[in-house]
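**Q** Have a peek at work_15.txt (compact mmCIF, C-alpha atoms and all ligand atoms).
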```txt
# COMPACT_ATOMS: atom_id res chain seq x y z
CA MET A 1 -52.75 23.11 -99.07
CA THR A 2 -55.81 24.10 -97.11
CA LEU A 3 -54.54 26.98 -94.95
CA THR A 4 -52.76 29.25 -97.43
CA SER A 5 -53.27 32.93 -96.46
CA LYS A 6 -54.31 32.02 -92.92
CA ALA A 7 -52.36 32.93 -89.79
CA ALA A 8 -52.31 30.81 -86.65
CA VAL A 9 -51.24 31.41 -83.06
CA VAL A 10 -50.33 28.20 -81.25
CA THR A 11 -49.53 28.55 -77.55
CA GLY A 12 -47.01 26.14 -76.07
CA SER A 13 -45.60 25.32 -79.50
CA THR A 14 -41.93 25.02 -78.58
CA SER A 15 -42.46 21.38 -77.67
CA GLY A 16 -44.71 18.33 -77.94
CA ILE A 17 -48.27 18.60 -79.25
CA GLY A 18 -48.15 22.37 -79.88
CA LEU A 19 -45.03 22.11 -82.01
CA ALA A 20 -46.59 19.30 -84.06
CA ILE A 21 -49.74 21.42 -84.59
CA ALA A 22 -47.71 24.50 -85.63
CA ARG A 23 -45.70 22.40 -88.10
CA ALA A 24 -48.85 20.78 -89.50
CA PHE A 25 -50.46 24.21 -90.04
CA ALA A 26 -47.28 25.47 -91.73
CA LYS A 27 -47.27 22.40 -93.97
CA GLU A 28 -50.78 23.44 -95.04
CA GLY A 29 -49.50 26.92 -95.92
CA ALA A 30 -50.39 28.91 -92.77
CA ASN A 31 -48.11 31.53 -91.25
CA VAL A 32 -47.59 30.83 -87.57
CA VAL A 33 -46.88 32.54 -84.27
CA LEU A 34 -44.90 30.16 -82.11
CA ASN A 35 -44.99 30.51 -78.34
CA GLY A 36 -43.62 28.71 -75.34
CA LEU A 37 -40.72 28.44 -72.97
CA GLY A 38 -37.33 27.01 -73.77
CA ASP A 39 -33.79 27.62 -74.88
CA GLU A 40 -33.52 30.71 -77.11
CA VAL A 41 -31.16 29.10 -79.61
CA GLU A 42 -33.34 25.98 -79.90
CA ILE A 43 -36.48 28.06 -80.38
CA GLU A 44 -34.84 30.13 -83.14
CA LYS A 45 -33.73 26.89 -84.84
CA THR A 46 -37.34 25.62 -84.70
CA ARG A 47 -38.73 28.91 -86.04
CA ALA A 48 -36.24 29.21 -88.90
CA GLY A 49 -36.68 25.49 -89.68
CA ILE A 50 -40.44 25.92 -90.13
CA GLU A 51 -39.88 28.84 -92.51
CA SER A 52 -37.35 27.02 -94.66
CA GLU A 53 -39.12 23.64 -94.63
CA PHE A 54 -42.61 24.89 -95.46
CA GLY A 55 -42.03 28.27 -97.18
CA VAL A 56 -44.24 30.20 -94.73
CA LYS A 57 -43.49 32.95 -92.21
CA ALA A 58 -43.04 32.08 -88.54
CA VAL A 59 -42.55 34.49 -85.66
CA TYR A 60 -41.96 33.76 -82.00
CA SER A 61 -43.84 35.31 -79.09
CA PRO A 62 -42.19 34.85 -75.67
CA ALA A 63 -45.54 35.49 -73.91
CA ASN A 64 -45.76 33.84 -70.51
CA MET A 65 -49.19 32.21 -70.17
CA LEU A 66 -49.28 33.40 -66.55
CA LYS A 67 -49.52 37.05 -67.72
CA SER A 68 -52.67 38.47 -69.30
CA ASP A 69 -50.90 41.48 -70.90
CA GLU A 70 -48.28 39.25 -72.55
CA ILE A 71 -51.01 36.92 -73.87
CA GLU A 72 -52.83 39.87 -75.42
CA GLU A 73 -49.56 41.12 -76.96
CA MET A 74 -48.99 37.63 -78.49
CA VAL A 75 -52.29 37.94 -80.38
CA ARG A 76 -51.47 41.53 -81.42
CA LEU A 77 -48.06 40.35 -82.70
CA GLY A 78 -49.87 37.91 -85.00
CA GLU A 79 -52.27 40.59 -86.20
CA ARG A 80 -49.47 43.14 -86.79
CA THR A 81 -47.21 40.67 -88.57
CA PHE A 82 -49.73 38.77 -90.68
CA GLY A 83 -52.75 41.11 -90.79
CA SER A 84 -54.97 38.65 -88.91
CA VAL A 85 -55.11 35.82 -86.43
CA ASP A 86 -57.49 33.36 -88.10
CA ILE A 87 -56.66 30.31 -86.02
CA LEU A 88 -55.96 30.22 -82.30
CA VAL A 89 -54.82 27.05 -80.57
CA ASN A 90 -54.75 27.24 -76.78
CA ASN A 91 -52.38 24.42 -76.04
CA ALA A 92 -49.82 25.47 -73.41
CA GLY A 93 -50.12 23.33 -70.32
CA ILE A 94 -48.31 21.93 -67.32
CA GLN A 95 -48.96 19.05 -64.97
CA PHE A 96 -48.32 18.38 -61.30
CA VAL A 97 -49.06 15.14 -59.47
CA SER A 98 -49.68 15.07 -55.72
CA PRO A 99 -52.25 13.95 -53.14
CA ILE A 100 -54.71 16.81 -52.51
CA GLU A 101 -53.63 17.42 -48.92
CA ASP A 102 -50.01 18.00 -50.01
CA PHE A 103 -50.81 19.78 -53.27
CA PRO A 104 -48.69 22.97 -53.29
CA VAL A 105 -50.96 26.02 -53.43
CA GLU A 106 -48.69 27.80 -55.92
CA LYS A 107 -48.84 24.75 -58.25
CA TRP A 108 -52.64 24.81 -58.13
CA ASP A 109 -52.62 28.52 -59.02
CA GLN A 110 -50.12 28.01 -61.87
CA ILE A 111 -52.01 25.11 -63.42
CA ILE A 112 -55.34 26.93 -63.35
CA ALA A 113 -53.64 30.03 -64.84
CA ILE A 114 -51.67 28.28 -67.61
CA ASN A 115 -54.07 25.44 -68.50
CA LEU A 116 -57.33 27.39 -68.25
CA THR A 117 -57.18 31.16 -67.68
CA SER A 118 -54.61 31.78 -70.47
CA ALA A 119 -57.16 30.45 -72.99
CA PHE A 120 -59.72 32.99 -71.75
CA HIS A 121 -57.22 35.83 -72.27
CA ALA A 122 -56.14 34.65 -75.75
CA ILE A 123 -59.72 34.05 -76.89
CA ARG A 124 -60.95 37.46 -75.75
CA ALA A 125 -58.03 39.10 -77.59
CA ALA A 126 -58.53 37.15 -80.84
CA VAL A 127 -62.33 37.05 -81.18
CA PRO A 128 -62.92 40.69 -82.28
CA GLY A 129 -60.63 40.26 -85.33
CA MET A 130 -62.22 36.90 -86.19
CA LYS A 131 -65.70 38.43 -85.92
CA ALA A 132 -64.68 41.37 -88.14
CA ARG A 133 -63.46 38.96 -90.85
CA GLY A 134 -66.34 36.50 -90.37
CA TRP A 135 -64.04 33.49 -90.07
CA GLY A 136 -62.14 31.88 -87.23
CA ARG A 137 -61.06 28.60 -85.73
CA ILE A 138 -60.40 28.24 -82.01
CA ILE A 139 -59.04 24.91 -80.84
CA ASN A 140 -58.30 24.16 -77.21
CA THR A 141 -56.07 21.25 -76.25
CA ALA A 142 -58.11 19.72 -73.45
CA SER A 143 -57.47 16.12 -72.37
CA ALA A 144 -59.18 12.86 -71.50
CA HIS A 145 -59.00 14.54 -68.10
CA SER A 146 -61.64 17.02 -69.33
CA LEU A 147 -64.07 14.08 -69.25
CA VAL A 148 -62.83 11.75 -66.52
CA ALA A 149 -60.54 12.06 -63.51
CA SER A 150 -57.45 10.34 -62.19
CA PRO A 151 -56.31 10.56 -58.57
CA PHE A 152 -53.52 13.00 -57.60
CA LYS A 153 -54.20 15.38 -60.52
CA SER A 154 -56.75 17.68 -58.89
CA ALA A 155 -55.60 20.97 -60.47
CA TYR A 156 -55.09 19.50 -63.94
CA VAL A 157 -58.45 17.72 -63.99
CA ALA A 158 -60.22 20.84 -62.70
CA ALA A 159 -58.53 23.04 -65.33
CA LYS A 160 -59.28 20.60 -68.16
CA HIS A 161 -62.95 20.24 -67.17
CA GLY A 162 -62.95 24.05 -67.14
CA ILE A 163 -61.53 24.32 -70.65
CA ALA A 164 -64.25 21.98 -71.93
CA GLY A 165 -66.87 24.31 -70.44
CA LEU A 166 -65.15 27.41 -71.84
CA THR A 167 -65.09 25.75 -75.29
CA LYS A 168 -68.84 25.14 -75.26
CA THR A 169 -69.66 28.62 -73.96
CA VAL A 170 -67.59 30.52 -76.52
CA ALA A 171 -68.84 28.22 -79.32
CA LEU A 172 -72.39 29.38 -78.56
CA GLU A 173 -71.40 33.05 -78.37
CA VAL A 174 -69.63 33.17 -81.76
CA ALA A 175 -71.71 30.60 -83.66
CA THR A 176 -73.20 33.05 -86.16
CA HIS A 177 -69.86 34.70 -86.98
CA GLY A 178 -68.20 31.90 -88.97
CA ILE A 179 -66.09 30.99 -85.96
CA THR A 180 -65.93 27.45 -84.60
CA VAL A 181 -64.63 26.55 -81.15
CA ASN A 182 -63.73 22.97 -80.30
CA CYS A 183 -61.47 21.06 -77.99
CA ILE A 184 -59.33 18.04 -78.64
CA SER A 185 -59.03 15.58 -75.78
CA PRO A 186 -56.03 13.33 -76.19
CA GLY A 187 -55.29 10.41 -73.94
CA TYR A 188 -51.62 9.86 -73.16
CA VAL A 189 -49.32 11.29 -75.79
CA TRP A 190 -45.60 10.60 -75.37
CA THR A 191 -44.23 14.15 -74.81
CA PRO A 192 -41.99 15.82 -72.18
CA LEU A 193 -45.16 16.60 -70.14
CA VAL A 194 -45.91 12.89 -69.71
CA GLU A 195 -42.28 11.94 -69.19
CA ARG A 196 -41.87 14.55 -66.43
CA GLN A 197 -44.82 13.27 -64.37
CA ILE A 198 -43.44 9.75 -64.10
CA PRO A 199 -41.15 10.34 -61.07
CA ASP A 200 -43.95 11.97 -59.00
CA THR A 201 -46.42 9.28 -60.00
CA MET A 202 -43.86 6.65 -58.93
CA LYS A 203 -43.76 8.40 -55.54
CA ALA A 204 -47.52 8.97 -55.19
CA ARG A 205 -48.38 5.37 -56.12
CA ASN A 206 -45.24 3.64 -54.82
CA MET A 207 -44.45 2.12 -58.22
CA THR A 208 -41.47 1.60 -60.53
CA LYS A 209 -41.14 3.53 -63.82
CA GLU A 210 -42.22 0.47 -65.83
CA GLN A 211 -45.25 0.00 -63.58
CA VAL A 212 -46.26 3.64 -64.08
CA ILE A 213 -45.97 3.35 -67.89
CA ASN A 214 -47.79 0.01 -68.16
CA ASP A 215 -50.14 -0.05 -65.14
CA VAL A 216 -51.12 3.65 -64.99
CA LEU A 217 -50.56 5.32 -68.35
CA LEU A 218 -51.16 2.57 -70.89
CA GLU A 219 -53.60 0.84 -68.53
CA ALA A 220 -55.94 3.78 -69.19
CA GLN A 221 -55.87 3.22 -72.97
CA PRO A 222 -57.56 0.09 -74.33
CA THR A 223 -55.32 0.19 -77.44
CA LYS A 224 -52.26 -0.06 -75.11
CA GLN A 225 -50.50 2.52 -77.26
CA PHE A 226 -49.61 6.16 -76.81
CA VAL A 227 -51.31 8.71 -79.09
CA THR A 228 -48.77 10.49 -81.32
CA VAL A 229 -48.35 14.26 -81.59
CA ASP A 230 -48.88 14.02 -85.36
CA GLN A 231 -52.25 12.31 -84.87
CA VAL A 232 -53.40 15.21 -82.66
CA ALA A 233 -52.06 17.71 -85.22
CA GLY A 234 -53.97 15.93 -87.99
CA LEU A 235 -57.23 16.48 -86.11
CA ALA A 236 -56.37 20.17 -85.58
CA VAL A 237 -55.82 20.62 -89.34
CA PHE A 238 -59.15 18.89 -90.01
CA LEU A 239 -60.93 21.25 -87.60
CA CYS A 240 -59.64 24.19 -89.67
CA SER A 241 -61.01 22.74 -92.93
CA ASP A 242 -64.33 23.50 -94.63
CA ALA A 243 -65.45 19.94 -93.86
CA ALA A 244 -65.44 20.88 -90.17
CA SER A 245 -67.26 24.21 -90.49
CA GLN A 246 -70.41 22.84 -88.81
CA MET A 247 -68.47 21.27 -85.95
CA SER A 248 -68.49 23.58 -82.96
CA GLY A 249 -68.61 23.20 -79.20
CA ALA A 250 -67.39 19.62 -79.57
CA ASN A 251 -65.04 17.79 -77.25
CA LEU A 252 -63.21 15.38 -79.54
CA SER A 253 -61.57 12.40 -77.88
CA MET A 254 -58.39 10.86 -79.27
CA ASP A 255 -57.55 8.50 -76.45
CA GLY A 256 -57.31 4.92 -77.72
CA GLY A 257 -60.77 4.25 -76.24
CA TRP A 258 -59.95 5.44 -72.69
CA THR A 259 -63.13 7.46 -72.08
CA ALA A 260 -65.38 4.81 -73.67
CA LYS A 261 -64.82 2.73 -70.54
P1 LIG A 301 -45.01 19.76 -73.44
O1 LIG A 301 -44.45 19.91 -72.10
O2 LIG A 301 -44.24 19.03 -74.50
O3 LIG A 301 -45.41 21.19 -74.04
C1 LIG A 301 -46.00 22.19 -73.25
C2 LIG A 301 -45.78 23.53 -73.92
O4 LIG A 301 -46.36 24.54 -73.09
C3 LIG A 301 -44.30 23.87 -74.08
O5 LIG A 301 -44.10 24.54 -75.31
C4 LIG A 301 -44.05 24.82 -72.92
O6 LIG A 301 -42.96 25.70 -73.13
C5 LIG A 301 -45.38 25.54 -72.88
N1 LIG A 301 -45.57 26.24 -71.62
C6 LIG A 301 -45.57 25.75 -70.36
N2 LIG A 301 -45.72 26.74 -69.47
C7 LIG A 301 -45.83 27.90 -70.17
C8 LIG A 301 -45.99 29.27 -69.83
N3 LIG A 301 -46.07 29.67 -68.56
N4 LIG A 301 -46.05 30.18 -70.82
C9 LIG A 301 -45.95 29.80 -72.13
N5 LIG A 301 -45.80 28.52 -72.50
C10 LIG A 301 -45.73 27.59 -71.54
O7 LIG A 301 -46.43 19.07 -73.23
P2 LIG A 301 -47.53 18.48 -74.22
O8 LIG A 301 -47.79 17.09 -73.78
O9 LIG A 301 -47.22 18.76 -75.64
O10 LIG A 301 -48.78 19.34 -73.74
C11 LIG A 301 -49.48 20.25 -74.58
C12 LIG A 301 -50.93 20.31 -74.15
O11 LIG A 301 -51.52 19.03 -74.36
C13 LIG A 301 -51.15 20.64 -72.68
O12 LIG A 301 -52.25 21.51 -72.54
C14 LIG A 301 -51.46 19.29 -72.07
O13 LIG A 301 -52.24 19.41 -70.91
C15 LIG A 301 -52.21 18.65 -73.21
N6 LIG A 301 -52.31 17.20 -73.15
C16 LIG A 301 -51.19 16.44 -73.14
C17 LIG A 301 -51.32 15.07 -73.07
C18 LIG A 301 -50.13 14.16 -73.07
O14 LIG A 301 -50.32 12.97 -72.77
N7 LIG A 301 -48.93 14.63 -73.38
C19 LIG A 301 -52.58 14.49 -73.00
C20 LIG A 301 -53.70 15.29 -73.00
C21 LIG A 301 -53.55 16.65 -73.06
```
The structure given in the file should be rewritten as structure tokens.
Ligand code: NAD

**A**
Amino acid sequence: MTLTSKAAVVTGSTSGIGLAIARAFAKEGANVVLNGLGDEVEIEKTRAGIESEFGVKAVYSPANMLKSDEIEEMVRLGERTFGSVDILVNNAGIQFVSPIEDFPVEKWDQIIAINLTSAFHAIRAAVPGMKARGWGRIINTASAHSLVASPFKSAYVAAKHGIAGLTKTVALEVATHGITVNCISPGYVWTPLVERQIPDTMKARNMTKEQVINDVLLEAQPTKQFVTVDQVAGLAVFLCSDAASQMSGANLSMDGGWTAK
């Protein structure tokens, strides 16, 4: 186990990629702060399940990624409970698909706040503790859309390009403190986020569900396969290892070859 005695905060870990990352960290011995929206009973089942399956401690922060004070309190909860936040994964994210001229203003604001600004708030709260201990790992879940665009996803693509820039900037600022900052850029991963965008993409492109899956989603990926949440989690664990201690400021693609095109 590589992460024994470490504590990790993973935002958006009640579902999808974030949950897989939190479970992978716990499997490596880390205590975890879970975060995200969802049904209270389900979340408690997930939290207790991680504790019993992996023999670590897990706590839940209900912080809403739209609220800077709640984001700061999430980091403090980790520090109070475990004595430190050594690993921070900024992963919470939402998607909305619409032509630019119809793009709802409140959706734009929400996507920029949740997918980009929340990472700024969590990083600024966690960095002082990491600096004091001389060790830290910050991982941002970006996207292939941090490198290339797709039509009808203006807010998401803007936020993900932003998170790639934030990653590089903070990596430079903390480079001499034993803290690395990287982002992972998955292609399409089969999670509720992808499933939920299918109806709007059908509308925006006038396609059937099968056409959206094969001609839009998998069309982007030369391997013609979805990335799995466990593959993304495996890369996150690697980024926390000693082998990755000289990797910083990187934008790591895991997209079946999408952005090689
Ligand atoms: P998901 O919908 O399964 O999970 C999103 C998580 O974010 C959930 O836990 C949800 O509760 C949480 N969340 C949403 N709004 C929140 C808020 N206001 N406050 C707190 N938590 C909130 O989606 P996913 O596919 O696992 O996405 C995780 C990340 O991966 C996102 O940043 C997404 O952009 C990114 N990503 C996903 C894919 C993909 O194909 N699924 C590809 C590239 C990048």

**Q** I need the residue nearest Ala250 (chain A) from this list: A:Val189, A:Val181, A:Val59, A:Val127. Use all atoms listed in the file for the distance.

**A**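 Among the listed residues, the smallest separation from Ala250 (chain A) belongs to A:Val181.
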
**Q** Do you have, as CSV, the list of residues of chain A lying at most 7 Å from ligand LIG 301 (chain A), each with its nearest atom pair and that distance in Å to one decimal, counting only C-alpha atoms and all ligand atoms and ordered by chain then number?

**A**
```
residue,atom,partner,partner_atom,distance
A:Thr11,CA,A:LIG301,N5,6.3
A:Gly12,CA,A:LIG301,O5,3.4
A:Ser13,CA,A:LIG301,O5,4.5
A:Thr14,CA,A:LIG301,O5,4.0
A:Ser15,CA,A:LIG301,O5,4.3
A:Gly16,CA,A:LIG301,O9,3.4
A:Ile17,CA,A:LIG301,O9,3.8
A:Gly18,CA,A:LIG301,O9,5.6
A:Asn35,CA,A:LIG301,N5,6.2
A:Gly36,CA,A:LIG301,N5,3.6
A:Leu37,CA,A:LIG301,O6,3.5
A:Gly38,CA,A:LIG301,O6,5.8
A:Ala63,CA,A:LIG301,C9,6.0
A:Asn64,CA,A:LIG301,N4,3.7
A:Met65,CA,A:LIG301,N4,3.8
A:Leu66,CA,A:LIG301,N3,5.3
A:Asn91,CA,A:LIG301,O12,4.6
A:Ala92,CA,A:LIG301,O4,3.6
A:Gly93,CA,A:LIG301,O12,3.6
A:Ile94,CA,A:LIG301,C6,5.6
A:Gln95,CA,A:LIG301,O13,6.8
A:Ile114,CA,A:LIG301,N3,5.8
A:Asn115,CA,A:LIG301,O12,5.9
A:Thr141,CA,A:LIG301,O12,5.3
A:Ala142,CA,A:LIG301,C21,5.5
A:Ser143,CA,A:LIG301,C20,3.9
A:Ala144,CA,A:LIG301,C20,6.2
A:Ser185,CA,A:LIG301,C20,6.0
A:Pro186,CA,A:LIG301,C20,4.4
A:Gly187,CA,A:LIG301,C19,5.0
A:Tyr188,CA,A:LIG301,O14,3.4
A:Val189,CA,A:LIG301,O14,3.6
A:Trp190,CA,A:LIG301,N7,5.6
A:Thr191,CA,A:LIG301,O8,4.7
A:Pro192,CA,A:LIG301,O2,4.6
A:Leu193,CA,A:LIG301,O1,3.9
A:Val194,CA,A:LIG301,N7,5.1
```

**Q** Pick out the residues sitting within 9 Å of Tyr156 (chain A), and hand them over as number ranges by chain; count all atoms listed in the file, and ignore anything fewer than 2 positions along from it in its own chain.

**A** A: 93-97, 108, 111-112, 115, 145-146, 153-154, 158-161

**Q** Tell me, in Å to one decimal, how far CA of Thr259 (chain A) is from CA of Thr223 (chain A).

**A** 11.9 Å

**Q** For Pro222 (chain A), which residue out of A:Met254, A:Ile43, A:Ile21, A:Cys240 is the nearest one, using all atoms listed in the file?

**A** A:Met254

**Q** Expressed in Å to a single decimal, how great is the separation between CA of Asn31 (chain A) and CA of Val56 (chain A)?

**A** 5.4 Å

**Q** Taking all atoms listed in the file into account, which of A:Ser98, A:Thr169, A:Thr176, A:Ser245 comes nearest Met202 (chain A)?

**A** A:Ser98

**Q** Within 12 Å of Glu219 (chain A), counting all atoms listed in the file, which residues qualify if same-chain residues fewer than 4 places away don't, as a list in words?

**A**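 Near Glu219 (chain A), the qualifying residues are Gly187, Tyr188, Glu210, Gln211, Val212, Ile213, Asn214, Asp215, Thr223, Lys224, Gln225, Phe226, Asp255, Gly256, Gly257, Trp258 and Lys261 of chain A.
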
**Q** I need the chosen residues saved as a PDB file, keeping the file's coordinate frame, with C-alpha atoms.

**A**
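Below you can see result_34.pdb, which holds the result:
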```pdb
ATOM      1  CA  GLY A 187     -55.290  10.410 -73.940  1.00  0.00           C
ATOM      2  CA  TYR A 188     -51.620   9.860 -73.160  1.00  0.00           C
ATOM      3  CA  GLU A 210     -42.220   0.470 -65.830  1.00  0.00           C
ATOM      4  CA  GLN A 211     -45.250   0.000 -63.580  1.00  0.00           C
ATOM      5  CA  VAL A 212     -46.260   3.640 -64.080  1.00  0.00           C
ATOM      6  CA  ILE A 213     -45.970   3.350 -67.890  1.00  0.00           C
ATOM      7  CA  ASN A 214     -47.790   0.010 -68.160  1.00  0.00           C
ATOM      8  CA  ASP A 215     -50.140  -0.050 -65.140  1.00  0.00           C
ATOM      9  CA  THR A 223     -55.320   0.190 -77.440  1.00  0.00           C
ATOM     10  CA  LYS A 224     -52.260  -0.060 -75.110  1.00  0.00           C
ATOM     11  CA  GLN A 225     -50.500   2.520 -77.260  1.00  0.00           C
ATOM     12  CA  PHE A 226     -49.610   6.160 -76.810  1.00  0.00           C
ATOM     13  CA  ASP A 255     -57.550   8.500 -76.450  1.00  0.00           C
ATOM     14  CA  GLY A 256     -57.310   4.920 -77.720  1.00  0.00           C
ATOM     15  CA  GLY A 257     -60.770   4.250 -76.240  1.00  0.00           C
ATOM     16  CA  TRP A 258     -59.950   5.440 -72.690  1.00  0.00           C
ATOM     17  CA  LYS A 261     -64.820   2.730 -70.540  1.00  0.00           C
TER      18      LYS A 261
END
```

**Q** Residues near Cys183 (chain A), anyone? I mean within 9 Å using only C-alpha atoms, not counting same-chain ones fewer than 5 positions away, as a PyMOL selection string.

**A** chain A and resi 138-143+163-164+167-168+248-253

**Q** Write the residues of the selection above to a file with C-alpha atoms, as a PDB file, in the frame of the given file.

**A**
```pdb
ATOM      1  CA  ILE A 138     -60.400  28.240 -82.010  1.00  0.00           C
ATOM      2  CA  ILE A 139     -59.040  24.910 -80.840  1.00  0.00           C
ATOM      3  CA  ASN A 140     -58.300  24.160 -77.210  1.00  0.00           C
ATOM      4  CA  THR A 141     -56.070  21.250 -76.250  1.00  0.00           C
ATOM      5  CA  ALA A 142     -58.110  19.720 -73.450  1.00  0.00           C
ATOM      6  CA  SER A 143     -57.470  16.120 -72.370  1.00  0.00           C
ATOM      7  CA  ILE A 163     -61.530  24.320 -70.650  1.00  0.00           C
ATOM      8  CA  ALA A 164     -64.250  21.980 -71.930  1.00  0.00           C
ATOM      9  CA  THR A 167     -65.090  25.750 -75.290  1.00  0.00           C
ATOM     10  CA  LYS A 168     -68.840  25.140 -75.260  1.00  0.00           C
ATOM     11  CA  SER A 248     -68.490  23.580 -82.960  1.00  0.00           C
ATOM     12  CA  GLY A 249     -68.610  23.200 -79.200  1.00  0.00           C
ATOM     13  CA  ALA A 250     -67.390  19.620 -79.570  1.00  0.00           C
ATOM     14  CA  ASN A 251     -65.040  17.790 -77.250  1.00  0.00           C
ATOM     15  CA  LEU A 252     -63.210  15.380 -79.540  1.00  0.00           C
ATOM     16  CA  SER A 253     -61.570  12.400 -77.880  1.00  0.00           C
TER      17      SER A 253
END
```

**Q** Rank A:Thr117, A:Thr4, A:Ser150, A:Ser68 by their smallest atom-to-atom distance to Asp86 (chain A), using only C-alpha atoms, and report the top residue only.

**A**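 Closest residue, counting only C-alpha atoms: A:Thr4.
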
**Q** In terms of the shortest atom-to-atom distance over only C-alpha atoms, which of A:Pro62, A:Pro99, A:Gly29, A:Gly83 is closest to Phe152 (chain A)?

**A** A:Pro99

**Q** Given all atoms listed in the file as the basis, pick out the residue of A:Ala220, A:Gly162, A:Val89, A:Asp242 nearest to Ala20 (chain A).

**A**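 Nearest to Ala20 (chain A): A:Val89.
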
**Q** Which protein, DNA or RNA residues have an atom at most 12 Å from (-62.5, 39.7, -85.9), counting only C-alpha atoms? List them as a count of residues only.

**A** 26

**Q** Which centre and which edge lengths, in Å to one decimal, describe the axis-aligned box that holds all listed atoms of region 5-21 of chain A after 8 Å is added on each side, as lines of an AutoDock Vina configuration file?

**A**
```
center_x = -48.1
center_y = 25.6
center_z = -86.3
size_x = 28.4
size_y = 30.6
size_z = 36.4
```
